[in-house]
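Structure file upload_13.txt (compact mmCIF, C-alpha atoms and all ligand atoms) follows.
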```
# COMPACT_ATOMS: atom_id res chain seq x y z
CA MET A 1 43.92 11.49 107.56
CA GLU A 2 47.00 9.32 107.53
CA PRO A 3 49.72 10.16 104.98
CA ASN A 4 49.30 7.21 102.60
CA ARG A 5 45.60 7.81 102.21
CA ARG A 6 46.17 11.49 101.62
CA ASN A 7 48.86 10.71 99.05
CA PHE A 8 46.55 8.36 97.27
CA LEU A 9 43.76 10.89 97.06
CA ARG A 10 46.19 13.45 95.74
CA LEU A 11 47.61 11.08 93.14
CA ALA A 12 44.58 9.24 91.98
CA GLY A 13 41.33 10.70 93.22
CA THR A 14 38.84 8.52 94.99
CA ALA A 15 37.40 6.92 91.88
CA GLY A 16 40.56 5.32 90.55
CA ILE A 17 42.92 6.29 87.79
CA GLY A 18 41.48 6.60 84.31
CA VAL A 19 40.45 3.01 83.76
CA VAL A 20 37.76 1.50 81.60
CA GLY A 21 34.24 1.82 82.98
CA SER A 22 33.27 -0.69 85.57
CA GLY A 23 31.01 -2.84 83.44
CA TRP A 24 29.21 -4.03 86.57
CA GLY A 25 25.88 -4.40 84.79
CA ARG A 26 27.24 -6.58 82.04
CA TYR A 27 28.94 -8.93 84.48
CA ALA A 28 26.04 -9.01 86.89
CA ALA A 29 23.82 -10.20 84.05
CA ARG A 30 25.74 -13.42 83.50
CA ALA A 31 27.70 -14.11 86.66
CA GLY A 32 26.40 -15.65 89.84
CA ALA A 33 26.49 -13.21 92.74
CA VAL A 34 26.76 -14.74 96.19
CA SER A 35 26.25 -12.62 99.26
CA SER A 36 29.06 -13.28 101.73
CA GLY A 37 29.07 -11.15 104.85
CA ALA A 38 28.82 -7.44 104.20
CA ASN A 39 29.84 -7.44 100.53
CA THR A 40 28.82 -9.20 97.37
CA VAL A 41 31.32 -11.74 96.09
CA THR A 42 30.91 -12.54 92.42
CA LEU A 43 32.51 -15.55 90.79
CA ASP A 44 33.12 -14.82 87.13
CA HIS A 45 35.32 -16.18 84.34
CA ALA A 46 37.68 -14.83 81.71
CA GLU A 47 37.09 -16.99 78.66
CA ALA A 48 40.06 -17.51 76.35
CA LYS A 49 39.54 -18.80 72.83
CA PHE A 50 42.50 -20.97 71.87
CA GLU A 51 44.20 -21.59 68.53
CA ASP A 52 42.59 -25.02 68.13
CA GLY A 53 39.12 -23.56 68.58
CA GLY A 54 38.82 -24.72 72.18
CA THR A 55 38.12 -22.43 75.10
CA LEU A 56 39.41 -22.12 78.65
CA ARG A 57 37.54 -20.29 81.39
CA ILE A 58 39.79 -18.78 84.07
CA PRO A 59 37.75 -18.15 87.23
CA PHE A 60 38.11 -14.98 89.27
CA TRP A 61 36.34 -13.23 92.13
CA ARG A 62 35.15 -9.67 92.16
CA ILE A 63 34.07 -8.05 95.40
CA GLU A 64 32.24 -4.76 95.34
CA SER A 65 31.68 -2.50 98.31
CA GLY A 66 29.07 -0.35 96.58
CA VAL A 67 31.12 2.74 97.53
CA ALA A 68 33.22 4.63 94.98
CA GLY A 69 36.93 3.97 95.23
CA PRO A 70 39.94 2.31 93.63
CA SER A 71 39.71 -1.07 91.95
CA LEU A 72 42.52 -3.30 93.21
CA LEU A 73 43.67 -6.37 91.30
CA ALA A 74 45.57 -9.23 92.92
CA LEU A 75 46.71 -11.63 90.22
CA ALA A 76 48.69 -14.76 91.12
CA ALA A 77 50.47 -17.58 89.30
CA GLN A 78 51.24 -16.11 85.92
CA HIS A 79 54.05 -18.62 86.22
CA GLY A 80 52.74 -22.09 86.93
CA ASN A 81 55.51 -23.07 89.37
CA GLU A 82 54.97 -19.92 91.49
CA VAL A 83 51.83 -20.73 93.38
CA GLN A 84 52.02 -19.33 96.92
CA GLY A 85 49.98 -16.34 95.79
CA VAL A 86 47.06 -18.68 95.09
CA GLU A 87 46.46 -19.05 98.82
CA VAL A 88 47.21 -15.38 99.48
CA VAL A 89 44.45 -14.42 97.05
CA ARG A 90 42.05 -16.99 98.52
CA ARG A 91 42.53 -15.53 102.01
CA LEU A 92 42.27 -11.97 100.73
CA LYS A 93 38.90 -12.86 99.28
CA GLU A 94 37.69 -14.00 102.72
CA VAL A 95 38.89 -10.74 104.30
CA CYS A 96 37.43 -8.46 101.64
CA ALA A 97 34.11 -10.29 101.60
CA ARG A 98 33.65 -9.21 105.22
CA GLN A 99 35.63 -5.99 105.49
CA LEU A 100 35.76 -4.10 102.17
CA ILE A 101 34.51 -0.57 102.85
CA ALA A 102 35.19 1.19 99.52
CA GLY A 103 36.01 0.43 95.91
CA SER A 104 36.35 -3.08 94.59
CA VAL A 105 38.85 -5.93 94.52
CA TRP A 106 39.43 -8.24 91.59
CA LEU A 107 41.06 -11.52 92.52
CA VAL A 108 42.64 -13.96 90.07
CA PRO A 109 44.22 -16.80 92.07
CA MET A 110 45.28 -18.98 89.10
CA ALA A 111 45.99 -16.68 86.17
CA ASN A 112 47.99 -19.16 84.09
CA LEU A 113 46.00 -22.34 84.63
CA PRO A 114 47.60 -24.18 81.67
CA ALA A 115 51.08 -23.67 83.18
CA ILE A 116 49.83 -24.68 86.63
CA ARG A 117 48.37 -27.87 85.19
CA VAL A 118 51.75 -28.86 83.72
CA ARG A 119 53.44 -27.65 86.96
CA ARG A 120 55.99 -25.52 85.11
CA HIS A 121 56.93 -21.85 84.81
CA SER A 122 55.40 -21.61 81.32
CA VAL A 123 53.18 -24.07 79.51
CA ASP A 124 55.61 -24.99 76.73
CA LEU A 125 58.60 -25.85 78.94
CA GLY A 126 59.95 -29.36 79.39
CA PRO A 127 61.92 -30.95 82.24
CA GLU A 128 64.89 -28.92 83.54
CA GLN A 129 64.05 -26.01 81.25
CA PRO A 130 64.02 -22.56 82.84
CA ASN A 131 62.13 -19.58 81.55
CA LYS A 132 64.57 -18.70 78.76
CA PHE A 133 63.60 -21.86 76.83
CA SER A 134 60.00 -20.72 76.46
CA LYS A 135 59.08 -19.85 72.89
CA GLY A 136 56.82 -16.88 73.50
CA HIS A 137 54.74 -18.40 76.32
CA ASN A 138 56.04 -16.31 79.24
CA MET A 139 52.75 -14.77 80.31
CA GLN A 140 54.52 -12.10 82.35
CA GLN A 141 55.71 -10.49 79.11
CA ALA A 142 52.48 -11.01 77.15
CA TRP A 143 50.35 -8.06 78.28
CA PRO A 144 47.84 -6.92 77.13
CA GLY A 145 47.69 -10.18 75.23
CA ASN A 146 46.62 -10.87 71.68
CA PRO A 147 43.39 -12.54 70.52
CA GLU A 148 45.22 -13.78 67.39
CA GLY A 149 48.42 -14.87 69.16
CA ASN A 150 49.51 -18.11 70.80
CA ASP A 151 47.40 -19.61 73.58
CA THR A 152 49.25 -17.76 76.36
CA GLU A 153 48.77 -14.44 74.57
CA ARG A 154 45.10 -15.30 74.08
CA LEU A 155 44.81 -16.09 77.78
CA ALA A 156 46.37 -12.75 78.73
CA TYR A 157 44.00 -11.03 76.31
CA ALA A 158 40.98 -12.69 77.91
CA LEU A 159 42.16 -11.72 81.40
CA ASP A 160 42.77 -8.16 80.31
CA ARG A 161 39.31 -7.83 78.78
CA ALA A 162 37.52 -9.40 81.73
CA VAL A 163 39.64 -8.12 84.61
CA VAL A 164 42.80 -6.06 84.21
CA ARG A 165 41.44 -3.13 82.21
CA HIS A 166 38.80 -2.53 84.90
CA CYS A 167 41.43 -2.07 87.62
CA SER A 168 43.22 1.07 88.78
CA HIS A 169 45.87 -0.74 90.87
CA ALA A 170 47.48 -4.14 90.33
CA VAL A 171 49.68 -6.48 92.33
CA ASP A 172 51.32 -9.20 90.26
CA ILE A 173 52.25 -12.04 92.64
CA HIS A 174 55.22 -14.27 91.84
CA CYS A 175 57.75 -16.43 93.69
CA TRP A 176 61.52 -16.54 93.57
CA ASN A 177 63.16 -19.88 94.15
CA HIS A 178 63.37 -20.83 97.83
CA PHE A 179 67.06 -19.85 98.12
CA LEU A 180 66.04 -16.20 97.72
CA ALA A 181 64.09 -13.95 100.09
CA ALA A 182 60.72 -12.40 99.34
CA GLU A 183 60.84 -8.91 97.92
CA THR A 184 58.78 -6.15 96.39
CA LEU A 185 59.61 -4.81 92.93
CA VAL A 186 58.56 -1.30 91.97
CA THR A 187 59.48 1.20 89.31
CA ARG A 188 61.56 3.96 90.86
CA GLY A 189 59.78 7.28 91.04
CA HIS A 190 56.38 6.00 89.88
CA ALA A 191 54.42 7.60 92.70
CA PRO A 192 51.10 5.69 92.43
CA SER A 193 53.02 2.40 92.40
CA GLU A 194 55.33 3.46 95.23
CA LEU A 195 52.23 4.00 97.34
CA LEU A 196 51.58 0.26 96.95
CA SER A 197 55.18 -0.83 97.49
CA SER A 198 55.52 1.33 100.60
CA ALA A 199 52.69 -0.69 102.18
CA THR A 200 54.20 -4.15 101.65
CA THR A 201 56.14 -5.90 104.41
CA THR A 202 58.73 -7.90 102.51
CA ARG A 203 62.14 -7.26 104.04
CA PHE A 204 63.60 -6.47 100.63
CA ILE A 205 62.61 -3.95 98.03
CA ASN A 206 64.15 -3.64 94.60
CA TYR A 207 63.66 -0.51 92.52
CA LEU A 208 63.34 -1.11 88.80
CA PRO A 209 64.51 1.49 86.32
CA VAL A 210 61.90 3.47 84.45
CA SER A 211 61.37 1.71 81.13
CA PRO A 212 60.58 3.70 77.99
CA PRO A 213 57.05 3.27 76.63
CA LEU A 214 56.89 0.14 74.49
CA ASP A 215 54.74 -0.54 71.48
CA LYS A 216 55.00 -4.28 72.02
CA ALA A 217 53.70 -6.61 74.69
CA SER A 218 55.17 -6.11 78.12
CA SER A 219 54.67 -6.86 81.79
CA LEU A 220 51.44 -6.42 83.70
CA TYR A 221 52.82 -3.55 85.79
CA ASP A 222 54.08 -1.81 82.67
CA LEU A 223 50.63 -2.12 81.12
CA MET A 224 49.09 -0.60 84.25
CA HIS A 225 51.55 2.30 84.11
CA ARG A 226 50.81 2.94 80.44
CA ARG A 227 47.12 3.19 81.27
CA GLY A 228 47.75 5.68 84.04
CA GLY A 229 47.31 3.19 86.85
CA ALA A 230 49.62 1.63 89.40
CA GLY A 231 51.29 -1.76 89.35
CA ILE A 232 53.93 -3.61 91.37
CA VAL A 233 55.29 -7.14 91.65
CA ILE A 234 55.69 -9.10 94.87
CA GLU A 235 57.97 -12.11 94.81
CA PHE A 236 57.56 -14.59 97.64
CA SER A 237 60.20 -17.14 98.61
CA GLY A 238 59.75 -20.61 97.22
CA GLN A 239 58.50 -22.15 93.99
CA TYR A 240 56.64 -25.48 93.69
CA GLN A 241 55.52 -25.14 97.32
CA MET A 242 53.11 -23.52 99.77
CA GLN A 243 54.61 -22.13 102.98
CA GLU A 244 52.40 -20.76 105.74
CA ARG A 245 54.98 -18.12 106.65
CA GLN A 246 55.04 -16.78 103.09
CA VAL A 247 51.27 -16.88 102.74
CA GLN A 248 50.87 -14.87 105.95
CA LEU A 249 53.42 -12.37 104.69
CA GLY A 250 51.48 -12.12 101.45
CA LEU A 251 48.16 -11.56 103.15
CA THR A 252 49.68 -8.80 105.30
CA CYS A 253 51.12 -7.15 102.18
CA MET A 254 47.79 -7.25 100.36
CA MET A 255 45.74 -6.07 103.34
CA ASN A 256 48.20 -3.22 103.91
CA ILE A 257 47.86 -2.18 100.27
CA ALA A 258 44.08 -2.29 100.57
CA LYS A 259 44.30 -0.15 103.72
CA ALA A 260 46.64 2.35 102.04
CA LEU A 261 44.08 2.70 99.25
CA GLY A 262 41.22 3.12 101.70
CA LEU A 263 39.54 -0.14 100.68
CA LEU A 264 39.90 -1.64 104.16
CA ALA A 265 39.67 0.26 107.43
CA GLY A 266 42.67 0.77 109.68
CA GLU A 267 46.33 1.55 109.36
CA PRO A 268 48.79 -0.63 107.44
CA GLU A 269 50.70 -2.99 109.72
CA PRO A 270 54.32 -1.78 109.71
CA LEU A 271 57.27 -3.95 108.76
CA GLU A 272 59.24 -4.93 111.85
CA GLY A 273 62.78 -3.67 111.44
CA PRO A 274 64.19 -1.89 108.40
CA ARG A 275 63.12 -2.07 104.79
CA VAL A 276 66.25 -3.12 102.91
CA GLU A 277 66.86 -1.87 99.41
CA ARG A 278 68.78 -4.42 97.43
CA THR A 279 71.58 -2.74 95.52
CA PRO A 280 74.87 -4.16 94.22
CA ALA A 281 76.84 -1.80 96.46
CA LYS A 282 75.17 -3.13 99.61
CA THR A 283 75.23 -6.80 98.58
CA HIS A 284 78.07 -8.93 99.94
CA THR A 285 78.89 -12.26 98.34
CA VAL A 286 79.87 -15.32 100.38
CA LEU A 287 81.83 -17.77 98.25
CA ALA A 288 82.22 -21.44 99.07
CA PRO A 289 85.70 -21.89 100.61
CA CYS A 290 86.04 -25.43 99.24
CA SER A 291 84.12 -28.15 97.42
CA GLY A 292 81.85 -30.46 99.38
CA VAL A 293 78.38 -30.73 100.86
CA PHE A 294 76.98 -27.59 102.49
CA MET A 295 74.77 -27.67 105.57
CA THR A 296 73.08 -24.46 106.73
CA ALA A 297 73.44 -23.36 110.35
CA LEU A 298 70.68 -22.89 112.89
CA LYS A 299 69.34 -19.50 113.83
CA LYS A 300 70.93 -18.27 117.02
CA GLY A 301 69.41 -19.92 120.08
CA THR A 302 66.89 -21.99 118.10
CA THR A 303 66.55 -25.39 116.46
CA GLU A 304 65.42 -23.79 113.17
CA GLN A 305 67.67 -23.49 110.18
CA LEU A 306 68.55 -20.08 108.81
CA ILE A 307 66.44 -19.09 105.83
CA PRO A 308 66.53 -16.20 103.37
CA ALA A 309 65.44 -12.84 104.87
CA ASP A 310 66.92 -13.73 108.28
CA PHE A 311 69.28 -11.24 109.89
CA VAL A 312 72.82 -12.43 110.55
CA GLU A 313 75.60 -10.75 112.46
CA GLN A 314 79.16 -10.46 111.27
CA GLY A 315 80.98 -13.66 112.24
CA GLN A 316 77.77 -15.64 112.74
CA PRO A 317 77.88 -19.18 111.31
CA LEU A 318 75.94 -19.55 108.05
CA GLY A 319 76.76 -23.25 107.90
CA HIS A 320 79.62 -25.56 107.07
CA ILE A 321 80.96 -27.63 104.20
CA LEU A 322 82.12 -31.19 104.64
CA ARG A 323 85.15 -30.92 102.37
CA GLU A 324 85.27 -33.67 99.74
CA SER A 325 89.07 -34.04 99.71
CA ASP A 326 89.75 -34.76 103.39
CA LEU A 327 86.37 -34.78 105.20
CA GLU A 328 87.30 -31.69 107.20
CA THR A 329 84.40 -29.57 108.45
CA VAL A 330 84.98 -26.10 107.02
CA PRO A 331 82.92 -23.32 108.61
CA VAL A 332 81.20 -20.63 106.57
CA VAL A 333 80.54 -17.39 108.47
CA ALA A 334 78.88 -14.09 107.66
CA PRO A 335 81.51 -11.52 106.60
CA VAL A 336 79.15 -8.63 107.44
CA SER A 337 76.01 -8.01 109.44
CA GLY A 338 72.90 -7.85 107.29
CA TYR A 339 69.91 -9.66 105.88
CA LEU A 340 70.23 -12.86 103.89
CA TRP A 341 69.08 -12.26 100.35
CA GLN A 342 70.31 -15.67 99.22
CA LEU A 343 71.26 -18.77 101.19
CA ASN A 344 72.57 -21.92 99.46
CA ALA A 345 74.09 -22.14 96.01
CA CYS A 346 71.82 -22.19 92.99
CA HIS A 347 73.97 -24.11 90.51
CA GLY A 348 73.95 -22.68 87.01
CA ASN A 349 71.21 -20.27 88.05
CA VAL A 350 68.50 -22.73 86.99
CA CYS A 351 67.07 -23.89 90.32
CA ASP A 352 63.63 -22.64 89.31
CA ALA A 353 63.52 -25.63 86.95
CA SER A 354 66.03 -28.23 88.09
CA LEU A 355 66.46 -30.36 91.21
CA PRO A 356 70.21 -30.96 90.62
CA ALA A 357 70.60 -27.16 90.51
CA GLN A 358 69.38 -27.12 94.13
CA HIS A 359 71.76 -29.86 95.28
CA PRO A 360 73.81 -29.03 98.42
CA TYR A 361 77.02 -30.26 96.80
CA THR A 362 78.83 -26.99 96.24
CA GLU A 363 81.99 -26.32 94.28
CA ARG A 364 84.71 -24.05 95.59
CA ALA A 365 84.03 -20.36 94.79
CA GLU A 366 80.35 -20.85 94.05
CA THR A 367 78.12 -18.20 95.63
CA LEU A 368 76.79 -19.72 98.86
CA ALA A 369 75.07 -16.65 100.23
CA LEU A 370 74.35 -13.01 99.52
CA ILE A 371 74.00 -10.65 102.47
CA VAL A 372 72.58 -7.16 102.06
CA THR A 373 73.64 -4.54 104.58
CA ARG A 374 71.32 -1.77 105.68
ZN ZN B 401 57.33 -15.32 88.08
```
How does this structure look as structure tokens?
Amino acid sequence: MEPNRRNFLRLAGTAGIGVVGSGWGRYAARAGAVSSGANTVTLDHAEAKFEDGGTLRIPFWRIESGVAGPSLLALAAQHGNEVQGVEVVRRLKEVCARQLIAGSVWLVPMANLPAIRVRRHSVDLGPEQPNKFSKGHNMQQAWPGNPEGNDTERLAYALDRAVVRHCSHAVDIHCWNHFLAAETLVTRGHAPSELLSSATTTRFINYLPVSPPLDKASSLYDLMHRRGGAGIVIEFSGQYQMQERQVQLGLTCMMNIAKALGLLAGEPEPLEGPRVERTPAKTHTVLAPCSGVFMTALKKGTTEQLIPADFVEQGQPLGHILRESDLETVPVVAPVSGYLWQLNACHGNVCDASLPAQHPYTERAETLALIVTR
């Protein structure tokens, strides 16, 4: 038996970690089951009742193997501008329909449909407004929801009742802005969750501090922990967009997690090269040497531009600035060897909501890149 599988059995037992009963019968009675390959794929809905009396049905898939085992949730797009997980979940459904050998998977590709429809992080945000302007509609902090709360809290409540509380393991899929690399977020020392994070193949991993138990609403992974389950976050690179490279990374991460839990056959596909823990001590800041327009360099020996997560060697060109004062071309080079955590300046730290914040005009001493050493 390979180590991850053995660890899982030790930590959780084969039937999952103390979650609410499966409720299969109740769902089977009202949901349409479609046979797809070896396993049954069920399309079901979480129905939220909104403040104005209206309802919204969020669709999800459930795939059952018929064999006892963990129940894995993949939930994407709690934030409506972070949508690459939608396609990851769609592809995971295709894989699990054919290949699931134990347990079940619960797949919510568009968790926050109201925010997706307005194409913003949260449903109540206006143009140029980042997350902090939301008045209580950040779904990520709304768990387990509230049937008497605002519409986002009601939506979280409906998803919890229909999906989350039935799951032993959860992956909450988000996206950083496209100047940042993909990474996995996990609570340090939470063994069931670290089993999941150890199976992902993002270059970066960031360990979150253990948070004290809260009596108020919190994140999805925190809710999973409180219930004795496992939960992590994966952040892909790029909001408002769908990138094949990121989707493939996401599918590998999710299939690896399913393999580590024994839901799919085979060994997890290893990350090529090192896993890099992002800590302040290992993070080197590259400041803009002057004001002007920044152009990123090409990867060595290619015609492709450098992107976050790429490895750069000390002295390697990261790009250049056409200086505004005298039109000199001013090179920007990597001060250390390491992996690019950030490339390009995110002005005012609001480029998840603002196009001007992503503009390549860069002022002197702005952060142009962050490089994390091994
Ligand atoms: Zn997010």
Within 12 Å of region 75-81 of chain A, which residues of region 190-251 of chain A come that close, and what is the closest atom pair and distance in Å for each? Count only C-alpha atoms and give it as CSV.
```
residue,atom,partner,partner_atom,distance
A:Ser219,CA,A:Gln78,CA,10.7
A:Leu220,CA,A:Leu75,CA,9.6
A:Tyr221,CA,A:Leu75,CA,11.1
A:Gly231,CA,A:Leu75,CA,10.9
A:Ile232,CA,A:Leu75,CA,10.9
A:Val233,CA,A:Leu75,CA,9.8
A:Ile234,CA,A:Ala76,CA,9.8
A:Glu235,CA,A:Ala76,CA,10.3
A:Phe236,CA,A:Ala76,CA,11.0
A:Ser237,CA,A:Asn81,CA,11.9
A:Gly238,CA,A:Asn81,CA,9.3
A:Gln239,CA,A:Asn81,CA,5.6
A:Tyr240,CA,A:Asn81,CA,5.1
A:Gln241,CA,A:Asn81,CA,8.2
A:Met242,CA,A:Asn81,CA,10.7
A:Gly250,CA,A:Ala76,CA,11.0
```
Print the selection's residues with C-alpha atoms to a file, as a compact mmCIF listing (two decimals), in the frame of the given file.
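For reference, out.txt as written:
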```
# COMPACT_ATOMS: atom_id res chain seq x y z
CA SER A 219 54.67 -6.86 81.79
CA LEU A 220 51.44 -6.42 83.70
CA TYR A 221 52.82 -3.55 85.79
CA GLY A 231 51.29 -1.76 89.35
CA ILE A 232 53.93 -3.61 91.37
CA VAL A 233 55.29 -7.14 91.65
CA ILE A 234 55.69 -9.10 94.87
CA GLU A 235 57.97 -12.11 94.81
CA PHE A 236 57.56 -14.59 97.64
CA SER A 237 60.20 -17.14 98.61
CA GLY A 238 59.75 -20.61 97.22
CA GLN A 239 58.50 -22.15 93.99
CA TYR A 240 56.64 -25.48 93.69
CA GLN A 241 55.52 -25.14 97.32
CA MET A 242 53.11 -23.52 99.77
CA GLY A 250 51.48 -12.12 101.45
```
From the list A:Val83, A:Val41, A:Ala281, A:Ile58, which residue is nearest ligand ZN 401 (chain B) when using only C-alpha atoms and all ligand atoms?
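Under the stated criterion, the closest residue is A:Val83.
The nearest approach to Asn146 (chain A) among the residues A:Ala265, A:Ala48, A:Ile63, A:Ala199, with only C-alpha atoms taken into account, belongs to A:Ala48.
CA of Leu322 (chain A) is found 20.4 Å from CA of Thr303 (chain A).
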Hey, which of A:Asp352, A:Ala38, A:Glu277, A:Val372 ends up closest to Asn131 (chain A)? Count all atoms listed in the file.
A:Asp352
Can you list, as a list in words, every protein, DNA or RNA residue that comes within 6 Å of region 93-102 of chain A when you count all atoms listed in the file, leaving out same-chain residues fewer than 2 positions away?
Ser36, Gly37, Ala38, Asn39, Ser65, Val67, Gly69, Arg90, Arg91, Leu263 and Leu264 of chain A
What does the distance from CA of Ser325 (chain A) to CA of Leu368 (chain A) come to in Å, to one decimal?
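It comes out at 18.9 Å.
Taking CA of Thr252 (chain A) and CA of Tyr207 (chain A) as endpoints, the distance between them is 20.7 Å.
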Contacts of Leu208 (chain A) within 9 Å, only C-alpha atoms, excl. fewer than 2 positions in-chain, as a list in words
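Listed by chain and then number, they are Leu185, Val186, Thr187, Arg188, Asn206, Val210 and Ser211 of chain A.
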Output the selection as a short mmCIF file (atom, residue, chain, number, x, y, z; two decimals), in the frame of the given file - C-alpha atoms for each residue.
```cif
data_model
loop_
_atom_site.label_atom_id
_atom_site.label_comp_id
_atom_site.auth_asym_id
_atom_site.auth_seq_id
_atom_site.Cartn_x
_atom_site.Cartn_y
_atom_site.Cartn_z
CA LEU A 185 59.61 -4.81 92.93
CA VAL A 186 58.56 -1.30 91.97
CA THR A 187 59.48 1.20 89.31
CA ARG A 188 61.56 3.96 90.86
CA ASN A 206 64.15 -3.64 94.60
CA VAL A 210 61.90 3.47 84.45
CA SER A 211 61.37 1.71 81.13
#
```
Here's a test: counting only C-alpha atoms, identify every protein, DNA and RNA residue with an atom at most 8 Å from (79.6, -12.4, 108.1) in the file's coordinate frame, and state them as a PDB file with C-alpha atoms, keeping the file's coordinate frame.
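File point04.pdb, as written:
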```pdb
ATOM      1  CA  VAL A 312      72.820 -12.430 110.550  1.00  0.00           C
ATOM      2  CA  GLU A 313      75.600 -10.750 112.460  1.00  0.00           C
ATOM      3  CA  GLN A 314      79.160 -10.460 111.270  1.00  0.00           C
ATOM      4  CA  GLY A 315      80.980 -13.660 112.240  1.00  0.00           C
ATOM      5  CA  GLN A 316      77.770 -15.640 112.740  1.00  0.00           C
ATOM      6  CA  PRO A 317      77.880 -19.180 111.310  1.00  0.00           C
ATOM      7  CA  VAL A 333      80.540 -17.390 108.470  1.00  0.00           C
ATOM      8  CA  ALA A 334      78.880 -14.090 107.660  1.00  0.00           C
ATOM      9  CA  PRO A 335      81.510 -11.520 106.600  1.00  0.00           C
ATOM     10  CA  VAL A 336      79.150  -8.630 107.440  1.00  0.00           C
ATOM     11  CA  SER A 337      76.010  -8.010 109.440  1.00  0.00           C
TER      12      SER A 337
END
```
So which residues touch region 269-274 of chain A within 9 Å, counting all atoms listed in the file, skipping near sequence neighbours fewer than 3 positions away, as a VMD selection string?
chain A and resid 199 to 203 252 to 253 255 to 256 266 374
Glu328 (chain A) surroundings by all atoms listed in the file, 12 Å radius, close-in-sequence under 4 positions cut, as an mmCIF file with C-alpha atoms, in the frame of the given file:
```
data_model
loop_
_atom_site.group_PDB
_atom_site.id
_atom_site.type_symbol
_atom_site.label_atom_id
_atom_site.label_comp_id
_atom_site.auth_asym_id
_atom_site.auth_seq_id
_atom_site.Cartn_x
_atom_site.Cartn_y
_atom_site.Cartn_z
ATOM 1 C CA PRO A 289 85.700 -21.890 100.610
ATOM 2 C CA CYS A 290 86.040 -25.430 99.240
ATOM 3 C CA SER A 291 84.120 -28.150 97.420
ATOM 4 C CA GLY A 292 81.850 -30.460 99.380
ATOM 5 C CA VAL A 293 78.380 -30.730 100.860
ATOM 6 C CA HIS A 320 79.620 -25.560 107.070
ATOM 7 C CA ILE A 321 80.960 -27.630 104.200
ATOM 8 C CA LEU A 322 82.120 -31.190 104.640
ATOM 9 C CA ARG A 323 85.150 -30.920 102.370
ATOM 10 C CA GLU A 324 85.270 -33.670 99.740
#
```
Pick out the closest residue to ligand ZN 401 (chain B) from this set: A:Trp176, A:Tyr361, A:Trp106, A:Phe133. Count only C-alpha atoms and all ligand atoms.
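Among the listed residues, the smallest separation from ligand ZN 401 (chain B) belongs to A:Trp176.
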Residue among A:Ser168, A:Thr285, A:Asn344, A:Ser218 lying closest to Trp143 (chain A), counting all atoms listed in the file
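Closest candidate: A:Ser218.
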Calculated over only C-alpha atoms, which of the candidates A:Arg275, A:Arg57, A:His169, A:Lys49 has the smallest distance to Leu113 (chain A)?
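Using only C-alpha atoms, the shortest distance to Leu113 (chain A) belongs to A:Arg57.
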Write out as a VMD selection string the residues lying within 9 Å of Ala156 (chain A), counting only C-alpha atoms and excluding same-chain residues fewer than 4 positions away.
chain A and resid 48 111 to 112 139 to 140 142 to 147 151 to 152 160 to 161
